[in-house]
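**Q** Here it is, the structure in full.
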Amino acid sequence: MQMHSLSFDISHTLAGGLVLISFMMLYQDRLYSLLNVFALHALVLTLSVAWQAYVQNAPHLYITAMIALVFKAIIIPIALHRIIKQLGIHRDIESAVGIGPTMLAGMALVALSMVLMLRVTAEADPLAREDLTFALSVVLLGLLVMVTRRNAVSQVVGFMSLENGLVLAATGAKGMPLVVEISVAFSILIAFIVIGIFLFRIRERFDSVDVSALDDFRGERR
Amino acid sequence: MSAYSFDAVAAVLLIPIGSAALLVALPGYRLTARLNVIASFATFLAALSLFVVERPQPGSYVLVDDLNIVFIVLNTFVGFTTSIFSASYIAHELETRKLTPVYLRFYHAMYQTMMFGMNLAFVSNNIGLMWVAVELATLTTVLMVGIYRTHAALEAAWKYFILGSVGIAFALFGTILVYMAARPVVGEGLDGMVWTILIEHAANFDPALLNVAFIFLLLGYGTKVGLAPLHAWLPDAHAEGPTPISAVLSGLLLNVALYALLRFKILLVANPSAIAPGPLMATIGLISVVFAAFMLYRRRDIKRLFAYSSIEHMGIIVFAFGMGGPLANFAGLLHMVMHSLTKSAIFYTVGHISQIKGTQRISKIRGLTVTHPALGWGLIVGVVAIAGLPPLGIFMSEFLVVSSTFARAPLLAIVLVFGLLLAFGALTLRLTSLAFGEPRGSTASANASYVPMFAHLSLVLIAGVYLPAPFVAWFQHVARLLG
């Protein structure tokens, strides 16, 4: 029983850590520091997945952990770092919404996911239950990052942190099949996004202050 | 026999993916375009053979039942006719140098990969595999929407990408929740994701978890269906990509997401203590109909106009399935088939028209019946069909939806009819300026392929006048399955 509670505490800590780091992402106003925080996010995810692989005695989850470590904690941040440099946007400070409201919204989202998931999963075993609550919080916070940013790179970072939440949920669901395949599929998706940013030099979410220009793009100018 | 019957499913999957690999390697426009048509035709034949051959036992990954055969045959048929249209459309794009041969090779390979993804989503018996397949199909269409690499095309592709990814993420979260609900009953491992096993045990699942799962699935796959608050990617993706892709987006990809939604709806219906998924779907469908009907009036771009019309029709279909019951489900299925055929036929005409005129602006296109009678009248028949006028097929399915709703929820039916009439007004308004009046724009002769367009429209016409009895019996059977 002692062992059980220890493993419980460790997975709890790691999942909670992910939520915390998601909060840290909300107030980063420099792209480089956002990337660093994301790398940390991916690192904690790696630990969490590896711990689940060990606790559940599911060796295939180590593959998911490796993908998280190599791809998301190392390759993608480095690639995005280079892209930021090449696009010359590393000095940009950007956030569409102020930090205060964003943090408040983040807290509200975490509260929402707690109210929702804890109530719904009352009968599930506590580990899966709280894992799922944390995972939903990470997903919603990732969504918040995507909504509050205008820069394409930081939107992608938001999406990746959202996806980390999904991987957390998938690995927390004990014995779930196809987790590895799904994490591979997601990695391909993200690779495509990053390559897309690089090839097409997407800097912004294309929103422009000049509305007439925007209408022109859409072929809807009157 | 069982080995042979497995072949039909394998062929539906292997022909597209095999030819995609081949198309990457082969040079030359004529060869690849032809190969694309041949591969699509072979896939269609393989899909038809599913009717005849013995069906494989539902396995952990593959399932063929009465429901998905309808989707697969429709999918491969429209895929085949679109490949014919695409051959003539793309020839023009090469002439005007909008596409280079390298991109063309890529385009054809992606076309077949997309067909593979959609067919895989239909035959998968595994909710995880289905999710991966839908993602694959989405990804290929994103790449094709952005293929012109203009600012507008990239904007559309990016928007589609981000919104589609968020949708797909929600769908995965919902899928995980379904597994969580299934695990205590079905046990750990692969079985917890196999749809046929899930449906057997669904009555014992934790209803609260299923409820939350369905909300996520509805938001996630609903984004891909293009339902109203989540539709933002759809008009852009339709307007900026190559027109054959607009045709398959409207005609097929929306159906794939709808199919996924239906599978989960059946799952929820099987659990008596879970929320009824019907009212949720009916509400979001109705919102889509009315919203899209209003939006139709302000469109200046011809492809956007029909993209909003797709939102409207997907709304009708989801509404019909949400109402449920044999009649409404029957109407929903019929409407889905009719909409796929009609909307892709419209996009074929619109594709040729915008190529000839060199613009998609509605105000710059006029008097089509004078300058290009075949295209002009084709467009008229298509729009008349999509607006829901008799004697065409969509009239019949819309009539069934409305009448079955009137019997059960008259208030909803009034809102629905209001939306339908609004959309009808907008479409006829635009149609008169497009088809009649003083010709405007280029009058160059069209180098068009009329066969796919008129094949679709005559099918819709025939369905409106006479539905063969075996067809009706099949659809009624499927409608009962849908609950």
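By order in the structure tokens, chains are A, B, ...; within a chain, residues start at 1; ligands start at 1, following the order shown.
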Based on only C-alpha atoms, which of the residues in chain B come within 6 Å of chain A? I want them as number ranges by chain.
**A** B: 152, 188-190, 208-209, 300
**Q** Tell me, as JSON, numbers by chain, which residues lie within 9 Å of Trp377 of chain B, counting only C-alpha atoms; anything in the same chain fewer than 6 positions away does not count.
**A** {"B": [368, 369, 435]}
**Q** Restricted to N, CA and C atoms, what would the selected residues look like written as a short mmCIF file (atom, residue, chain, number, x, y, z; two decimals), in the first residue's frame?
**A**
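Written file, part_8.cif:
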```
data_model
loop_
_atom_site.label_atom_id
_atom_site.label_comp_id
_atom_site.auth_asym_id
_atom_site.auth_seq_id
_atom_site.Cartn_x
_atom_site.Cartn_y
_atom_site.Cartn_z
N LEU B 368 -24.55 33.65 -68.03
CA LEU B 368 -23.88 32.39 -68.39
C LEU B 368 -24.70 31.57 -69.38
N THR B 369 -26.02 31.64 -69.29
CA THR B 369 -26.82 30.81 -70.19
C THR B 369 -26.63 31.25 -71.63
N ALA B 435 -26.79 33.66 -64.06
CA ALA B 435 -27.16 32.88 -65.23
C ALA B 435 -27.76 33.74 -66.34
#
```
**Q** Residues at most 12 Å from Gly332 of chain B, counting only C-alpha atoms, excluding those fewer than 6 positions away in the same chain, as JSON, numbers by chain?
**A** {"B": [255, 258, 259, 262, 282, 285, 313, 314, 315, 316, 317, 318, 319, 320, 321, 322, 323, 324, 325, 326, 338, 339, 394, 396, 397, 398, 399, 400, 401, 402, 404, 405, 475, 476, 478, 479, 482]}
**Q** Tell me, which residues of segment 297-419 of chain B carry DSSP alpha helix (DSSP H), written as a PyMOL selection string?
**A** chain B and resi 302-323+325-357+368-371+373-387+393-408+410-419
**Q** Leaving out Met130 of chain B and any residue of its chain fewer than 5 positions from it, which residues lie within 9 Å of it when counting only C-alpha atoms, given as a list in words?
**A**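 Everything that qualifies: Leu120, Ala121, Phe122, Val123, Ser124, Asn125, Glu135 and Ala260 of chain B.
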**Q** How about saving the chosen residues, C-alpha atoms kept, as a compact mmCIF listing (two decimals), in the first residue's frame?
**A**
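Saved the output as again_6.txt:
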```txt
# COMPACT_ATOMS: atom_id res chain seq x y z
CA LEU B 120 -10.00 4.16 -43.62
CA ALA B 121 -12.16 6.32 -41.38
CA PHE B 122 -15.26 4.65 -42.80
CA VAL B 123 -14.15 1.05 -42.45
CA SER B 124 -12.46 1.42 -39.07
CA ASN B 125 -14.10 -0.40 -36.21
CA GLU B 135 -6.69 13.44 -38.99
CA ALA B 260 -17.81 9.67 -36.85
```
**Q** Work out how far atom CA of Ala446 of chain B is from atom CA of Lys357 of chain B, in Å to one decimal.
**A**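 Separation between atom CA of Lys357 of chain B and atom CA of Ala446 of chain B: 10.0 Å.
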**Q** Between atom CA of Ser445 of chain B and atom CA of His352 of chain B, what distance in Å does the model show, to one decimal?
**A**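 Here the two named atoms are 10.3 Å from each other.
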**Q** May I have the residues within 9 Å of Val337 of chain B as a list in words, using only C-alpha atoms and disregarding those fewer than 2 positions away in the same chain?
**A**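 So the residues in contact are Val70, Phe71, Leu74, Gly251, Gly332, Leu333, Leu334, His335, His339, Ser340, Leu341 and Thr342 of chain B.
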**Q** With C-alpha atoms retained, write the just-selected residues as an mmCIF file, in the first residue's frame.
**A**
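Printed below is selection_36.cif as written:
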```cif
data_model
loop_
_atom_site.group_PDB
_atom_site.id
_atom_site.type_symbol
_atom_site.label_atom_id
_atom_site.label_comp_id
_atom_site.auth_asym_id
_atom_site.auth_seq_id
_atom_site.Cartn_x
_atom_site.Cartn_y
_atom_site.Cartn_z
ATOM 1 C CA VAL B 70 -23.480 3.646 -47.951
ATOM 2 C CA PHE B 71 -20.773 6.104 -46.973
ATOM 3 C CA LEU B 74 -20.837 7.460 -52.014
ATOM 4 C CA GLY B 251 -19.165 16.397 -50.859
ATOM 5 C CA GLY B 332 -31.028 12.649 -43.150
ATOM 6 C CA LEU B 333 -29.300 9.840 -45.008
ATOM 7 C CA LEU B 334 -31.028 10.691 -48.249
ATOM 8 C CA HIS B 335 -30.239 14.350 -47.809
ATOM 9 C CA HIS B 339 -26.207 17.009 -51.007
ATOM 10 C CA SER B 340 -22.908 15.279 -51.795
ATOM 11 C CA LEU B 341 -23.932 14.672 -55.398
ATOM 12 C CA THR B 342 -25.459 18.093 -55.965
#
```
**Q** Please determine, counting only C-alpha atoms, which residue among B:Ile176, B:His238, B:Asp191, B:Leu268 has the shortest atom-to-atom distance to Pro207 of chain B.
**A**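 Of all the options, B:Leu268 lies closest to Pro207 of chain B.
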**Q** How many Å separate atom CA of Val110 of chain A from atom CA of Ser137 of chain A?
**A** 5.0 Å
**Q** Show which residues sit within 10 Å of Arg430 of chain B, as a list of chain:residue names. Count only C-alpha atoms, and ignore same-chain residues fewer than 3 positions away.
**A**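 So, after excluding close chain neighbours, the residues are B:Leu296, B:Tyr297, B:Arg299, B:Arg300, B:Ile302, B:Leu305, B:Ile362, B:Ser363, B:Val383, B:Gly425, B:Ala426, B:Leu427, B:Ser433, B:Leu434, B:Ala435.
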**Q** Give me the residues within 12 Å of Asp206 of chain B as a list of chain:residue names, counting only C-alpha atoms and dropping any in the same chain fewer than 5 places off.
**A**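 Listing them by chain and then by number gives A:Val120, A:Thr121, A:Ala122, A:Glu123, A:Ala124, B:Leu177, B:Val178, B:Tyr179, B:Met180, B:Ala181, B:Ala182, B:Arg183, B:Pro184, B:Val185, B:Val186, B:His201, B:Asn211, B:Val212, B:Ala213, B:Leu268, B:Asn271, B:Pro272, B:Ser273, B:Ala274, B:Ile275.
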